[in-house]
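So this one's upload_25.cif, mmCIF, C-alpha atoms and all ligand atoms:
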data_final
#
loop_
_atom_site.group_PDB
_atom_site.id
_atom_site.type_symbol
_atom_site.label_atom_id
_atom_site.label_comp_id
_atom_site.auth_asym_id
_atom_site.auth_seq_id
_atom_site.Cartn_x
_atom_site.Cartn_y
_atom_site.Cartn_z
ATOM 1 C CA MET J 1 191.464 -3.674 115.651
ATOM 2 C CA ARG J 2 192.078 -2.400 112.174
ATOM 3 C CA PRO J 3 192.858 1.148 111.105
ATOM 4 C CA THR J 4 190.400 2.426 108.530
ATOM 5 C CA GLY J 5 192.317 5.061 106.615
ATOM 6 C CA LEU J 6 193.770 6.888 109.612
ATOM 7 C CA GLY J 7 196.272 9.677 109.420
ATOM 8 C CA GLY J 8 196.277 13.348 108.533
ATOM 9 C CA GLN J 9 194.332 16.085 110.272
ATOM 10 C CA VAL J 10 190.624 15.918 109.640
ATOM 11 C CA SER J 11 188.148 18.663 110.335
ATOM 12 C CA LYS J 12 184.976 18.405 108.278
ATOM 13 C CA PRO J 13 182.272 15.780 108.885
ATOM 14 C CA LYS J 14 182.909 14.196 105.493
ATOM 15 C CA ASP J 15 186.575 13.715 106.423
ATOM 16 C CA TYR J 16 185.457 11.191 109.041
ATOM 17 C CA ARG J 17 183.933 8.861 106.462
ATOM 18 C CA THR J 18 185.798 5.837 105.111
ATOM 19 C CA ASP J 19 185.596 4.906 101.451
ATOM 20 C CA LEU J 20 183.170 2.051 102.228
ATOM 21 C CA ASN J 21 179.656 2.615 100.930
ATOM 22 C CA PRO J 22 176.999 1.764 103.547
ATOM 23 C CA VAL J 23 174.979 -1.312 102.655
ATOM 24 C CA TRP J 24 171.990 -0.106 104.677
ATOM 25 C CA CYS J 25 168.654 -0.016 102.861
ATOM 26 C CA PRO J 26 167.910 3.386 101.291
ATOM 27 C CA GLY J 27 165.978 5.396 103.868
ATOM 28 C CA CYS J 28 167.305 3.501 106.900
ATOM 29 C CA GLY J 29 167.527 5.663 110.027
ATOM 30 C CA ASP J 30 171.138 4.565 110.517
ATOM 31 C CA PHE J 31 172.228 7.003 107.775
ATOM 32 C CA GLY J 32 171.049 9.897 109.936
ATOM 33 C CA VAL J 33 172.970 8.567 112.911
ATOM 34 C CA LEU J 34 176.156 8.257 110.855
ATOM 35 C CA ARG J 35 175.767 11.891 109.777
ATOM 36 C CA GLY J 36 175.085 13.035 113.309
ATOM 37 C CA LEU J 37 178.096 11.183 114.674
ATOM 38 C CA THR J 38 180.539 12.467 112.044
ATOM 39 C CA GLN J 39 179.299 16.021 112.595
ATOM 40 C CA THR J 40 179.918 15.607 116.315
ATOM 41 C CA LEU J 41 183.402 14.220 115.787
ATOM 42 C CA SER J 42 184.115 17.262 113.659
ATOM 43 C CA ASP J 43 182.621 19.618 116.289
ATOM 44 C CA LEU J 44 184.808 18.096 119.007
ATOM 45 C CA GLU J 45 187.861 17.849 116.697
ATOM 46 C CA ILE J 46 188.448 14.248 117.709
ATOM 47 C CA GLN J 47 191.133 12.923 115.391
ATOM 48 C CA PRO J 48 190.590 9.409 113.960
ATOM 49 C CA GLU J 49 193.723 8.004 115.580
ATOM 50 C CA LYS J 50 192.253 8.993 118.957
ATOM 51 C CA LEU J 51 188.863 7.445 118.290
ATOM 52 C CA ALA J 52 187.761 3.873 118.976
ATOM 53 C CA LEU J 53 184.371 2.759 117.687
ATOM 54 C CA ILE J 54 183.196 -0.591 118.994
ATOM 55 C CA SER J 55 180.065 -2.474 117.958
ATOM 56 C CA GLY J 56 178.385 -5.845 118.277
ATOM 57 C CA ILE J 57 176.419 -7.454 115.471
ATOM 58 C CA GLY J 58 173.494 -6.089 113.487
ATOM 59 C CA CYS J 59 172.621 -3.441 110.896
ATOM 60 C CA SER J 60 173.604 -0.525 113.140
ATOM 61 C CA SER J 61 176.759 -2.326 114.230
ATOM 62 C CA ARG J 62 178.124 -1.758 110.725
ATOM 63 C CA LEU J 63 178.520 1.937 111.511
ATOM 64 C CA PRO J 64 182.152 1.812 112.731
ATOM 65 C CA GLY J 65 183.225 0.487 109.334
ATOM 66 C CA TYR J 66 181.971 3.693 107.722
ATOM 67 C CA THR J 67 183.753 6.009 110.155
ATOM 68 C CA ARG J 68 187.486 6.747 110.164
ATOM 69 C CA SER J 69 188.618 5.358 113.489
ATOM 70 C CA TYR J 70 190.106 2.335 115.127
ATOM 71 C CA SER J 71 187.071 0.116 114.884
ATOM 72 C CA PHE J 72 186.077 -3.296 116.115
ATOM 73 C CA ASN J 73 182.988 -5.229 115.047
ATOM 74 C CA THR J 74 182.892 -7.658 117.971
ATOM 75 C CA LEU J 75 180.711 -10.660 118.821
ATOM 76 C CA HIS J 76 176.958 -10.343 119.209
ATOM 77 C CA GLY J 77 176.192 -8.423 122.409
ATOM 78 C CA ARG J 78 179.822 -8.215 123.515
ATOM 79 C CA ALA J 79 180.770 -4.667 122.589
ATOM 80 C CA LEU J 80 180.595 -3.215 126.126
ATOM 81 C CA PRO J 81 183.216 -5.438 127.803
ATOM 82 C CA ILE J 82 185.567 -4.988 124.836
ATOM 83 C CA ALA J 83 185.129 -1.219 124.981
ATOM 84 C CA THR J 84 185.603 -1.149 128.742
ATOM 85 C CA GLY J 85 188.889 -3.035 128.472
ATOM 86 C CA LEU J 86 190.067 -0.819 125.660
ATOM 87 C CA LYS J 87 189.265 2.375 127.532
ATOM 88 C CA LEU J 88 191.042 1.173 130.668
ATOM 89 C CA ALA J 89 194.123 0.255 128.656
ATOM 90 C CA ARG J 90 194.026 3.414 126.518
ATOM 91 C CA PRO J 91 192.242 6.162 128.464
ATOM 92 C CA ASP J 92 193.432 8.683 125.881
ATOM 93 C CA MET J 93 191.108 7.155 123.268
ATOM 94 C CA THR J 94 187.611 8.577 122.873
ATOM 95 C CA THR J 95 185.573 5.383 122.980
ATOM 96 C CA VAL J 96 182.085 5.063 121.535
ATOM 97 C CA VAL J 97 180.008 1.884 121.432
ATOM 98 C CA VAL J 98 177.311 1.645 118.775
ATOM 99 C CA GLY J 99 174.781 -1.158 118.527
ATOM 100 C CA GLY J 100 171.171 -2.126 118.113
ATOM 101 C CA ASP J 101 168.352 -3.008 120.469
ATOM 102 C CA GLY J 102 168.557 -6.726 119.681
ATOM 103 C CA ASP J 103 172.303 -6.800 120.231
ATOM 104 C CA GLY J 104 172.264 -4.681 123.379
ATOM 105 C CA PHE J 105 169.053 -5.616 125.169
ATOM 106 C CA SER J 106 168.929 -9.331 124.409
ATOM 107 C CA ILE J 107 172.206 -11.251 124.425
ATOM 108 C CA GLY J 108 174.151 -8.195 125.601
ATOM 109 C CA ILE J 109 171.863 -7.046 128.405
ATOM 110 C CA GLY J 110 173.853 -8.673 131.209
ATOM 111 C CA HIS J 111 176.799 -6.408 130.443
ATOM 112 C CA ILE J 112 174.872 -3.164 130.809
ATOM 113 C CA PRO J 113 174.532 -2.836 134.618
ATOM 114 C CA HIS J 114 178.165 -3.847 135.093
ATOM 115 C CA ALA J 115 179.417 -1.345 132.536
ATOM 116 C CA VAL J 116 177.298 1.287 134.270
ATOM 117 C CA ARG J 117 178.608 0.528 137.764
ATOM 118 C CA ARG J 118 182.215 0.536 136.531
ATOM 119 C CA ASP J 119 181.392 3.939 135.055
ATOM 120 C CA VAL J 120 184.293 3.941 132.629
ATOM 121 C CA ASN J 121 184.356 7.055 130.483
ATOM 122 C CA LEU J 122 182.692 5.863 127.299
ATOM 123 C CA THR J 123 179.526 6.466 125.303
ATOM 124 C CA TYR J 124 177.012 3.729 124.522
ATOM 125 C CA ALA J 125 174.588 4.625 121.713
ATOM 126 C CA VAL J 126 171.804 2.139 121.034
ATOM 127 C CA LEU J 127 170.124 2.601 117.657
ATOM 128 C CA ASP J 128 166.673 1.269 118.479
ATOM 129 C CA ASN J 129 164.395 0.197 115.632
ATOM 130 C CA GLY J 130 162.447 -2.314 117.678
ATOM 131 C CA LEU J 131 163.457 -5.383 115.682
ATOM 132 C CA TYR J 132 166.346 -7.460 114.366
ATOM 133 C CA GLY J 133 166.928 -5.966 110.895
ATOM 134 C CA LEU J 134 170.001 -7.915 109.785
ATOM 135 C CA THR J 135 168.273 -11.276 110.272
ATOM 136 C CA LYS J 136 165.077 -10.179 108.532
ATOM 137 C CA GLY J 137 162.756 -8.559 111.012
ATOM 138 C CA GLN J 138 162.293 -10.790 114.042
ATOM 139 C CA ALA J 139 160.939 -9.234 117.237
ATOM 140 C CA SER J 140 163.544 -7.747 119.567
ATOM 141 C CA PRO J 141 163.292 -6.872 123.278
ATOM 142 C CA THR J 142 161.985 -3.391 122.384
ATOM 143 C CA SER J 143 159.413 -4.524 119.787
ATOM 144 C CA THR J 144 155.982 -3.142 120.513
ATOM 145 C CA GLN J 145 153.080 -5.506 121.122
ATOM 146 C CA GLU J 146 151.451 -4.119 117.952
ATOM 147 C CA PHE J 147 154.500 -5.048 115.888
ATOM 148 C CA LYS J 148 154.531 -8.586 117.251
ATOM 149 C CA ALA J 149 150.806 -8.957 116.605
ATOM 150 C CA GLN J 150 151.173 -7.661 113.009
ATOM 151 C CA ARG J 151 153.886 -10.155 112.248
ATOM 152 C CA GLY J 152 152.118 -13.014 114.014
ATOM 153 C CA LEU J 153 155.125 -13.685 116.190
ATOM 154 C CA ALA J 154 155.111 -15.766 119.306
ATOM 155 C CA GLY J 155 155.320 -13.870 122.558
ATOM 156 C CA GLN J 156 153.152 -11.018 121.351
ATOM 157 C CA ASP J 157 151.906 -10.384 124.882
ATOM 158 C CA GLU J 158 155.383 -9.615 126.178
ATOM 159 C CA ARG J 159 155.858 -5.977 127.041
ATOM 160 C CA PRO J 160 158.851 -4.194 125.503
ATOM 161 C CA ILE J 161 161.876 -3.137 127.522
ATOM 162 C CA ASN J 162 162.070 0.581 128.282
ATOM 163 C CA PRO J 163 165.751 1.402 127.547
ATOM 164 C CA VAL J 164 165.778 4.693 129.419
ATOM 165 C CA MET J 165 164.260 3.121 132.554
ATOM 166 C CA LEU J 166 166.713 0.237 132.298
ATOM 167 C CA LEU J 167 169.706 2.566 132.318
ATOM 168 C CA LEU J 168 168.287 4.851 134.999
ATOM 169 C CA SER J 169 167.611 1.918 137.296
ATOM 170 C CA SER J 170 171.145 0.650 136.672
ATOM 171 C CA GLY J 171 172.498 3.925 138.060
ATOM 172 C CA CYS J 172 173.760 5.469 134.827
ATOM 173 C CA GLY J 173 175.112 9.001 135.289
ATOM 174 C CA PHE J 174 174.033 10.247 131.856
ATOM 175 C CA VAL J 175 170.913 9.158 129.990
ATOM 176 C CA ALA J 176 169.637 10.934 126.885
ATOM 177 C CA ARG J 177 167.292 10.260 123.997
ATOM 178 C CA THR J 178 167.122 11.498 120.429
ATOM 179 C CA HIS J 179 165.886 10.238 117.074
ATOM 180 C CA ALA J 180 167.417 9.776 113.663
ATOM 181 C CA GLY J 181 165.008 12.189 111.988
ATOM 182 C CA ASN J 182 166.257 15.251 113.876
ATOM 183 C CA LEU J 183 169.863 15.777 112.828
ATOM 184 C CA PRO J 184 170.634 18.937 114.869
ATOM 185 C CA HIS J 185 169.289 17.272 118.008
ATOM 186 C CA LEU J 186 171.132 14.038 117.273
ATOM 187 C CA ARG J 187 174.349 16.008 116.893
ATOM 188 C CA GLN J 188 173.784 17.864 120.151
ATOM 189 C CA MET J 189 173.020 14.664 122.077
ATOM 190 C CA PHE J 190 176.116 12.879 120.710
ATOM 191 C CA ARG J 191 178.158 15.905 121.687
ATOM 192 C CA GLU J 192 176.807 15.914 125.226
ATOM 193 C CA ALA J 193 177.136 12.149 125.624
ATOM 194 C CA ILE J 194 180.749 12.055 124.394
ATOM 195 C CA SER J 195 181.547 15.055 126.561
ATOM 196 C CA HIS J 196 180.113 13.453 129.690
ATOM 197 C CA ARG J 197 182.682 12.126 132.106
ATOM 198 C CA GLY J 198 181.812 8.517 132.880
ATOM 199 C CA PHE J 199 179.482 6.015 131.219
ATOM 200 C CA ALA J 200 176.962 7.814 129.002
ATOM 201 C CA PHE J 201 173.909 6.193 127.425
ATOM 202 C CA LEU J 202 172.215 7.565 124.327
ATOM 203 C CA HIS J 203 168.911 6.059 123.198
ATOM 204 C CA VAL J 204 168.563 6.772 119.479
ATOM 205 C CA MET J 205 165.237 5.882 117.918
ATOM 206 C CA ALA J 206 165.939 4.946 114.301
ATOM 207 C CA GLY J 207 163.283 3.561 111.984
ATOM 208 C CA CYS J 208 163.703 0.459 109.820
ATOM 209 C CA VAL J 209 162.094 1.067 106.433
ATOM 210 C CA THR J 210 162.248 -2.570 105.372
ATOM 211 C CA TYR J 211 160.634 -4.515 108.210
ATOM 212 C CA GLN J 212 158.359 -1.837 109.586
ATOM 213 C CA LYS J 213 155.542 -0.124 107.691
ATOM 214 C CA PRO J 214 156.993 2.704 105.554
ATOM 215 C CA SER J 215 155.191 5.268 107.694
ATOM 216 C CA TYR J 216 156.427 3.772 110.981
ATOM 217 C CA ALA J 217 159.377 6.092 111.487
ATOM 218 C CA GLN J 218 157.267 9.197 110.913
ATOM 219 C CA GLN J 219 154.653 7.923 113.377
ATOM 220 C CA LEU J 220 157.355 7.146 115.909
ATOM 221 C CA TYR J 221 158.996 10.547 115.571
ATOM 222 C CA ALA J 222 155.578 12.240 115.890
ATOM 223 C CA GLN J 223 155.282 10.717 119.366
ATOM 224 C CA CYS J 224 158.391 12.602 120.532
ATOM 225 C CA ASP J 225 158.603 15.893 122.406
ATOM 226 C CA LEU J 226 161.689 17.972 123.116
ATOM 227 C CA LEU J 227 162.222 18.440 126.828
ATOM 228 C CA PRO J 228 161.376 22.005 127.888
ATOM 229 C CA GLU J 229 164.175 24.420 128.800
ATOM 230 C CA SER J 230 162.900 24.431 132.384
ATOM 231 C CA TYR J 231 163.603 20.676 132.701
ATOM 232 C CA ASP J 232 166.220 19.876 135.357
ATOM 233 C CA PRO J 233 168.142 16.733 134.280
ATOM 234 C CA THR J 234 169.747 16.367 137.726
ATOM 235 C CA ASN J 235 166.352 15.566 139.301
ATOM 236 C CA PHE J 236 166.323 11.769 139.354
ATOM 237 C CA ALA J 237 162.672 11.399 140.377
ATOM 238 C CA GLN J 238 161.632 13.636 137.498
ATOM 239 C CA ALA J 239 163.847 11.612 135.133
ATOM 240 C CA VAL J 240 162.057 8.399 136.149
ATOM 241 C CA GLU J 241 158.694 10.043 135.598
ATOM 242 C CA THR J 242 159.867 11.252 132.181
ATOM 243 C CA ALA J 243 161.154 7.818 131.240
ATOM 244 C CA ARG J 244 157.805 6.227 132.105
ATOM 245 C CA ALA J 245 155.694 8.735 130.174
ATOM 246 C CA GLU J 246 153.727 7.497 127.187
ATOM 247 C CA ARG J 247 155.253 10.011 124.769
ATOM 248 C CA PHE J 248 159.002 9.959 124.161
ATOM 249 C CA ALA J 249 160.994 12.799 125.686
ATOM 250 C CA LEU J 250 163.990 13.972 123.652
ATOM 251 C CA GLY J 251 166.993 15.475 125.376
ATOM 252 C CA VAL J 252 169.217 14.831 128.374
ATOM 253 C CA ILE J 253 166.794 13.000 130.652
ATOM 254 C CA TYR J 254 169.257 12.496 133.504
ATOM 255 C CA ARG J 255 172.712 13.801 134.282
ATOM 256 C CA ARG J 256 174.299 13.190 137.661
ATOM 257 C CA PRO J 257 174.487 16.377 139.733
ATOM 258 C CA PRO J 258 177.684 18.446 139.458
ATOM 259 C CA GLY J 259 180.243 17.424 142.040
ATOM 260 C CA GLU J 260 179.398 13.729 141.976
ATOM 261 C CA ARG J 261 182.452 12.145 140.400
ATOM 262 C CA PRO J 262 182.464 9.011 138.272
ATOM 263 C CA ALA J 263 183.846 5.795 139.702
ATOM 264 C CA ILE J 264 186.826 5.693 137.328
ATOM 265 C CA SER J 265 188.360 8.861 135.956
ATOM 266 C CA GLY J 266 190.221 9.638 132.766
ATOM 267 C CA PRO J 267 190.640 12.358 130.142
ATOM 268 C CA ASP J 268 187.575 13.563 128.309
ATOM 269 C CA HIS J 269 186.159 16.362 126.195
ATOM 270 C CA SER J 270 184.233 18.063 128.977
ATOM 271 C CA ASP J 271 185.661 21.440 128.096
ATOM 272 C CA ALA J 272 183.528 21.410 124.972
ATOM 273 C CA VAL J 273 180.325 21.766 126.976
ATOM 274 C CA GLY J 274 181.817 23.067 130.212
ATOM 275 C CA ILE J 275 180.576 20.275 132.468
ATOM 276 C CA TRP J 276 183.851 19.261 134.078
ATOM 277 C CA PRO J 277 187.221 20.971 134.354
ATOM 278 C CA SER J 278 189.866 19.573 132.036
ATOM 279 C CA LEU J 279 192.475 17.148 133.316
ATOM 280 C CA ASP J 280 195.953 18.468 132.691
ATOM 281 C CA THR J 281 197.719 15.457 134.172
ATOM 282 C CA PRO J 282 198.150 12.016 132.629
ATOM 283 C CA ALA J 283 195.185 9.712 133.069
ATOM 284 C CA GLU J 284 194.937 8.056 136.437
ATOM 285 C CA ILE J 285 192.645 5.119 137.027
ATOM 286 C CA THR J 286 191.220 4.907 140.521
ATOM 287 C CA PHE J 287 189.247 1.950 141.741
ATOM 288 C CA PRO J 288 186.975 2.946 144.638
ATOM 289 C CA GLY J 289 188.262 1.478 147.885
ATOM 290 C CA GLY J 290 191.272 -0.022 146.154
ATOM 291 C CA ALA J 291 194.730 0.715 144.872
ATOM 292 C CA THR J 292 195.330 3.099 141.972
HETATM 293 S S1 LIG G 1 166.908 -3.946 107.432
HETATM 294 FE FE1 LIG G 1 166.078 -2.109 108.442
HETATM 295 S S2 LIG G 1 167.630 -1.557 109.992
HETATM 296 FE FE2 LIG G 1 168.612 -2.965 108.508
HETATM 297 S S3 LIG G 1 169.593 -1.624 106.987
HETATM 298 FE FE3 LIG G 1 167.538 -2.145 106.216
HETATM 299 S S4 LIG G 1 166.215 -0.448 106.943
HETATM 300 FE FE4 LIG G 1 168.099 -0.395 108.143
#
Can the structure from this file be put into structure tokens for me?
Amino acid sequence: MRPTGLGGQVSKPKDYRTDLNPVWCPGCGDFGVLRGLTQTLSDLEIQPEKLALISGIGCSSRLPGYTRSYSFNTLHGRALPIATGLKLARPDMTTVVVGGDGDGFSIGIGHIPHAVRRDVNLTYAVLDNGLYGLTKGQASPTSTQEFKAQRGLAGQDERPINPVMLLLSSGCGFVARTHAGNLPHLRQMFREAISHRGFAFLHVMAGCVTYQKPSYAQQLYAQCDLLPESYDPTNFAQAVETARAERFALGVIYRRPPGERPAISGPDHSDAVGIWPSLDTPAEITFPGGAT
């Protein structure tokens, strides 16, 4: 890991930025995600020396380099096991994994159910643009059939993966969705995901302005609806129904019911949203059915 300008108290979102200029294409949805994340870090007052940002490979995986933190751009698809090991060794570090749909749902997909069942206290945010941007627009596991047909790619009859269903069926205790065009919502979802105790998954829809039609992101965001206030995220059956709906629901789609504890415990920022009581003792790692 390399420190990226750590040190000194930081408080404002801009204080969390490194002096590297993003090389993303102008208009890329990843800019919105970077803003939303730095605002959340500021909201939660997470100091850079207590923050680990881990990524795989791809356009979105560049994000840790632009954020003051201990950061690690790992191998393609391998961010989750690295982050899990780091969090177990340093439970005091707020650990966030950022990656793309190609990185996470193709070569990295085998790590997802295992990271979920270990339930280590970290956040996994997938910035989903439905293609491989860094390698010039090939179809990814979440590419729509229309996109594949437009680009004349092989395998155009394959159906895309549904990330929210994938994580729900893996048993994830926190599953939420947002999009890069709604900054306040993005900020709120990052805040809730980071504050969740255990493995948290955040599906972030983020348009690619270079390899999609320019209007794609707007069309995508127009297919989204905020979950109503009456929605109960602890109702698993309702969460599955929501995940399978044609339009995209934005919000916390599933959160394990209060009282159900994660498999492995450690310090967190739950106080910020009042979900779990704070831990006032040093971190203790407990393996179910095994020694501590
Ligand atoms: S290729 Fe697409 S995803 Fe990659 S930086 Fe450019 S707009 Fe963003």
Resolved residues for the PyMOL selection byres (((not hetatm)) within 10 of (chain G and resi 1)) as a PyMOL selection string: chain J and resi 22-31+58-62+100+127-137+206-212+214
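Restricting the calculation to all atoms listed in the file, the smallest distance between Gln39 in chain J and any of J:Pro184, J:Gly56, J:Pro163, J:Pro81 is found for J:Pro184.
One distance worth recording is that between CA of Gly104 in chain J and CA of Asn73 in chain J, which is 13.6 Å.
Reported to one decimal place, the separation of CA of Lys87 in chain J from CA of Asn121 in chain J is 7.4 Å.
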Expected answer as number ranges by chain: all residues with atoms within 12 Å of (162.4, -1.5, 125.8), all atoms listed in the file: J: 100-102, 104-106, 109, 126-131, 139-145, 158-167, 203, 205, 243-244
Residue members of the PyMOL selection byres (((chain J and resi 44) around 12) and not hetatm) in the file shown, as an MDAnalysis selection string: chainID J and resid 10:13 37:43 45:48 50:51 94 187:188 190:195 268:273
Centre and size of axis-aligned box enclosing range 221-240 of chain J plus 8 Å each side, as JSON:
{"center_x": 162.5, "center_y": 16.4, "center_z": 128.0, "size_x": 30.5, "size_y": 32.0, "size_z": 40.8}
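CA of Arg17 in chain J to CA of Ala125 in chain J spans 18.4 Å [interatomic distance, one decimal].
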Residue nearest Arg117 in chain J among J:Leu168, J:Ile57, J:Met189, J:Leu86 (counting only C-alpha atoms): J:Leu168
For this structure, which residues satisfy the selection - the PyMOL selection byres (((chain J and resi 18) around 9) and not hetatm) - when it is evaluated on the file as given? I want them as a PDB file with C-alpha atoms, in the frame of the given file.
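Output (selection_8.pdb):
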ATOM      1  CA  THR J   4     190.400   2.426 108.530  1.00  0.00           C
ATOM      2  CA  GLY J   5     192.317   5.061 106.615  1.00  0.00           C
ATOM      3  CA  LYS J  14     182.909  14.196 105.493  1.00  0.00           C
ATOM      4  CA  ASP J  15     186.575  13.715 106.423  1.00  0.00           C
ATOM      5  CA  TYR J  16     185.457  11.191 109.041  1.00  0.00           C
ATOM      6  CA  ARG J  17     183.933   8.861 106.462  1.00  0.00           C
ATOM      7  CA  ASP J  19     185.596   4.906 101.451  1.00  0.00           C
ATOM      8  CA  LEU J  20     183.170   2.051 102.228  1.00  0.00           C
ATOM      9  CA  ASN J  21     179.656   2.615 100.930  1.00  0.00           C
ATOM     10  CA  GLY J  65     183.225   0.487 109.334  1.00  0.00           C
ATOM     11  CA  TYR J  66     181.971   3.693 107.722  1.00  0.00           C
ATOM     12  CA  THR J  67     183.753   6.009 110.155  1.00  0.00           C
ATOM     13  CA  ARG J  68     187.486   6.747 110.164  1.00  0.00           C
ATOM     14  CA  SER J  69     188.618   5.358 113.489  1.00  0.00           C
TER      15      SER J  69
END
